[in-house]
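To keep things clear, I will list the structure first and then write my remarks on it.
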Amino acid sequence: MPVLNASSLTLAQVYHDLKFQKLSYGSFKSLLQLEPLSEFEIAELWQIRNDFKNYLNDGKVLESMVMALTVMPLLRIAGFYRAPIKMRMEQEIDRINIEDEDISITGRLDLICINKTRPTVNDIAFWILAVESKNTSISASEGLPQLLTYAYKSLEQQKSVWGLTTNGVYYEFIYIQKDIYPTYQPLPSLHLMEPESSEKLLQVLKAICKLQNSVGNLPAVI
């Protein structure tokens with residue numbers, strides 16, 4: 001059985017092999033309760049933008065630095081560092097075997113946030129958010145095939161998952177759900193370097209973080 005790496009898959013392959021279906025664009029307010037940011041959070045957000053700008057001025061920012069300079073600080077402010085959420089980086093995904101195509105898919109997730117206190121069947125931790133990052137010279141949407149592939153296995157244990165692809169500047173959220181065939185709904189792209197858009201970015205992350213306490217509506221972050 002041929003073994004494919006998720007990082008090499010195209011969106012067409014994901015549609016064909018995993019049967020994903022794309023829904024029309026949604027709105028954040030229809031899925032999340034966005035709350036105003038505090039003065040402290042706005043100041044921290046300004047600092048993240050300013051720090052990242054210094055690196056952007058030097059040219060391309062590599063994937064590892066995108067995570068260190070933007071994703072990890074944003075997740076900290078949004079509350080993902082606090083219990084009961086745990087984060088795992090460079091997480092191997094369970095192998096996906098597609099019998100109809102006689103292929104197997106493997107891969108490694110950049111970052112996943114889970115709730116270990118709310119296990120699903122077989123004591124598998126509940127996904128809160130899956131994140132896939134790229135360097136700044138690559139479109140954030142390039143991470144979508146990987147993200148969908150990684151989230152695919154989680155749908156065996158839960159009904160929905162939140163995903164995020166980013167190149168540090170642009171942030172593209174998707175809402176992934178279990179159905180007859182798995183579906184994903186893209187949300188409007190957000191821009192870290194634009195003050196109003198970056199504030200909404202942090203509001204969205206905070207709202208997703210809070211969902212882990214919502215009984216019966218627990219979505220799952222590459």
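Each chain in the structure tokens gets a letter, A, B and so on, in the order shown; residues start at 1 in every chain, and ligands are counted from 1 in the order they appear.
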Need the shell around Thr149 in chain A: protein/DNA/RNA residues with any atom at most 8 Å away, counting only C-alpha atoms. Skip same-chain ones fewer than 2 positions apart. Format as a VMD selection string?
chain A and resid 6 14 18 145 to 147 151 to 153
Which residues are near Ala78 in chain A? Cut-off 12 Å, only C-alpha atoms, ignore same chain within fewer than 4 positions. Put them as a PyMOL selection string.
chain A and resi 34-35+37-38+41-42+44-45+71-74+82+85+199-211
How would the residues just picked look written out with C-alpha atoms as a PDB file, in the first residue's frame?
```pdb
ATOM      1  CA  LEU A  34     -16.997  37.685  20.231  1.00  0.00           C
ATOM      2  CA  GLU A  35     -16.245  39.838  23.267  1.00  0.00           C
ATOM      3  CA  LEU A  37     -10.782  43.186  24.259  1.00  0.00           C
ATOM      4  CA  SER A  38      -9.304  44.762  27.366  1.00  0.00           C
ATOM      5  CA  GLU A  41      -4.973  42.670  25.493  1.00  0.00           C
ATOM      6  CA  ILE A  42      -4.891  45.455  22.910  1.00  0.00           C
ATOM      7  CA  GLU A  44      -0.159  42.987  24.014  1.00  0.00           C
ATOM      8  CA  LEU A  45      -1.529  42.665  20.493  1.00  0.00           C
ATOM      9  CA  VAL A  71       0.884  32.085  16.871  1.00  0.00           C
ATOM     10  CA  MET A  72       2.205  31.151  20.306  1.00  0.00           C
ATOM     11  CA  PRO A  73       1.881  34.679  21.809  1.00  0.00           C
ATOM     12  CA  LEU A  74      -1.650  35.013  20.424  1.00  0.00           C
ATOM     13  CA  ARG A  82      -4.276  27.509  30.829  1.00  0.00           C
ATOM     14  CA  ILE A  85      -6.247  22.928  27.615  1.00  0.00           C
ATOM     15  CA  GLU A 199      -8.315  42.657  17.194  1.00  0.00           C
ATOM     16  CA  LYS A 200     -10.966  40.443  15.632  1.00  0.00           C
ATOM     17  CA  LEU A 201      -8.325  37.705  15.284  1.00  0.00           C
ATOM     18  CA  LEU A 202      -7.686  37.742  19.008  1.00  0.00           C
ATOM     19  CA  GLN A 203     -11.424  37.898  19.730  1.00  0.00           C
ATOM     20  CA  VAL A 204     -11.958  34.786  17.594  1.00  0.00           C
ATOM     21  CA  LEU A 205      -9.175  32.866  19.338  1.00  0.00           C
ATOM     22  CA  LYS A 206     -10.567  33.823  22.756  1.00  0.00           C
ATOM     23  CA  ALA A 207     -14.054  32.693  21.729  1.00  0.00           C
ATOM     24  CA  ILE A 208     -12.782  29.326  20.452  1.00  0.00           C
ATOM     25  CA  CYS A 209     -10.847  28.847  23.684  1.00  0.00           C
ATOM     26  CA  LYS A 210     -13.980  29.440  25.739  1.00  0.00           C
ATOM     27  CA  LEU A 211     -15.913  26.831  23.765  1.00  0.00           C
TER      28      LEU A 211
END
```
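In this structure, CA of Asp58 in chain A sits 14.4 Å away from CA of Gly168 in chain A.
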Excluding Glu194 in chain A and its own-chain neighbours fewer than 3 positions away, which residues fall within 12 Å of it when counting only C-alpha atoms? Please give them as a compact mmCIF listing (two decimals) with C-alpha atoms, in the first residue's frame.
```
# COMPACT_ATOMS: atom_id res chain seq x y z
CA LEU A 45 -1.53 42.67 20.49
CA TRP A 46 0.23 45.89 19.49
CA ILE A 48 3.09 41.24 18.81
CA ARG A 49 2.47 43.25 15.65
CA ASN A 50 5.45 45.49 16.32
CA LYS A 53 7.04 43.88 11.81
CA VAL A 169 0.36 37.87 8.35
CA TYR A 170 -2.89 36.28 7.17
CA TYR A 171 -5.01 33.99 9.35
CA SER A 189 -9.38 35.98 6.29
CA LEU A 190 -7.89 38.12 9.06
CA HIS A 191 -4.74 40.28 8.86
CA SER A 197 -8.53 42.94 11.81
CA SER A 198 -5.95 41.79 14.35
CA GLU A 199 -8.32 42.66 17.19
CA LYS A 200 -10.97 40.44 15.63
CA LEU A 201 -8.32 37.70 15.28
```
Using only C-alpha atoms, which of A:Tyr25, A:Thr166, A:Glu156, A:Tyr15 sits nearest Met67 in chain A?
A:Thr166
Which residues are close to His16 in chain A, i.e. within 12 Å by only C-alpha atoms, leaving aside same-chain residues fewer than 2 positions away? Reply as number ranges by chain.
A: 9-14, 18-21, 98, 100-101, 145, 149, 181-182
Applying 8 Å and only C-alpha atoms, which residues near range 107-109 of chain A remain after dropping the ones on its own chain fewer than 5 positions away? List them as a short mmCIF file (atom, residue, chain, number, x, y, z; two decimals) with N, CA and C atoms, in the first residue's frame.
```cif
data_model
loop_
_atom_site.label_atom_id
_atom_site.label_comp_id
_atom_site.auth_asym_id
_atom_site.auth_seq_id
_atom_site.Cartn_x
_atom_site.Cartn_y
_atom_site.Cartn_z
N ASN A 5 2.51 11.44 2.30
CA ASN A 5 2.62 12.40 3.39
C ASN A 5 1.61 13.52 3.18
N ALA A 6 0.90 13.89 4.23
CA ALA A 6 -0.14 14.91 4.11
C ALA A 6 0.39 16.22 3.57
N SER A 7 1.66 16.52 3.81
CA SER A 7 2.24 17.79 3.35
C SER A 7 2.34 17.87 1.84
N MET A 89 2.95 20.15 20.07
CA MET A 89 3.58 20.61 18.84
C MET A 89 4.22 19.44 18.10
N GLU A 90 4.29 19.55 16.76
CA GLU A 90 4.88 18.51 15.92
C GLU A 90 4.28 17.15 16.25
N GLN A 91 2.96 17.11 16.27
CA GLN A 91 2.22 15.92 16.68
C GLN A 91 1.99 14.98 15.49
N GLU A 92 2.44 13.73 15.62
CA GLU A 92 2.18 12.74 14.58
C GLU A 92 0.68 12.45 14.53
N ILE A 93 0.11 12.36 13.34
CA ILE A 93 -1.30 11.99 13.21
C ILE A 93 -1.41 10.49 13.03
N ARG A 95 -2.30 7.18 11.27
CA ARG A 95 -2.29 6.87 9.84
C ARG A 95 -3.71 6.72 9.33
N ALA A 130 -6.75 23.15 15.79
CA ALA A 130 -5.58 22.63 15.07
C ALA A 130 -5.00 23.76 14.23
N VAL A 131 -3.63 23.92 14.23
CA VAL A 131 -2.99 25.04 13.55
C VAL A 131 -1.92 24.53 12.60
N GLU A 132 -1.92 25.06 11.38
CA GLU A 132 -0.88 24.78 10.39
C GLU A 132 -0.25 26.10 9.97
N LEU A 147 -4.24 20.65 6.78
CA LEU A 147 -5.12 20.85 7.92
C LEU A 147 -6.35 19.95 7.85
N TYR A 150 -5.34 16.32 8.60
CA TYR A 150 -5.08 16.07 10.02
C TYR A 150 -6.38 16.02 10.82
N ILE A 222 -3.33 24.13 12.61
CA ILE A 222 -2.07 23.53 12.45
C ILE A 222 -1.18 24.43 11.84
#
```
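In this model, the gap between CA of Phe40 in chain A and CA of Ala68 in chain A comes to 20.4 Å.
Residues lying within 9 Å of Pro186 in chain A, counting only C-alpha atoms and ignoring same-chain neighbours fewer than 2 positions away, are Lys22, Leu23, Ser24, Tyr25, Gly26, Ser27, Glu172, Phe173, Ile174, Tyr175, Ile176, Tyr184, Pro188 and Ser189 of chain A.
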Just list the residues in range 22-84 of chain A DSSP gives helix (DSSP H, G or I) on the backbone, as a PyMOL selection string.
chain A and resi 28-31+39-56+63-78
Find the residues near Leu62 in chain A: any atom within 7 Å, counting only C-alpha atoms, skip ones fewer than 4 places away on the same chain, and give them as an MDAnalysis selection string.
chainID A and resid 66 135:136
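When only C-alpha atoms are used to measure the gap to Val161 in chain A, the shortest distance among A:Ser8, A:Thr117, A:Asn54, A:Gln212 belongs to A:Gln212.
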Between CA of Val3 in chain A and CA of Leu148 in chain A, distance in Å (one decimal):
17.4 Å
Pick out each residue of range 27-125 of chain A that DSSP on the backbone tags as strand (DSSP E or B); I need them as a count of residues only.
23
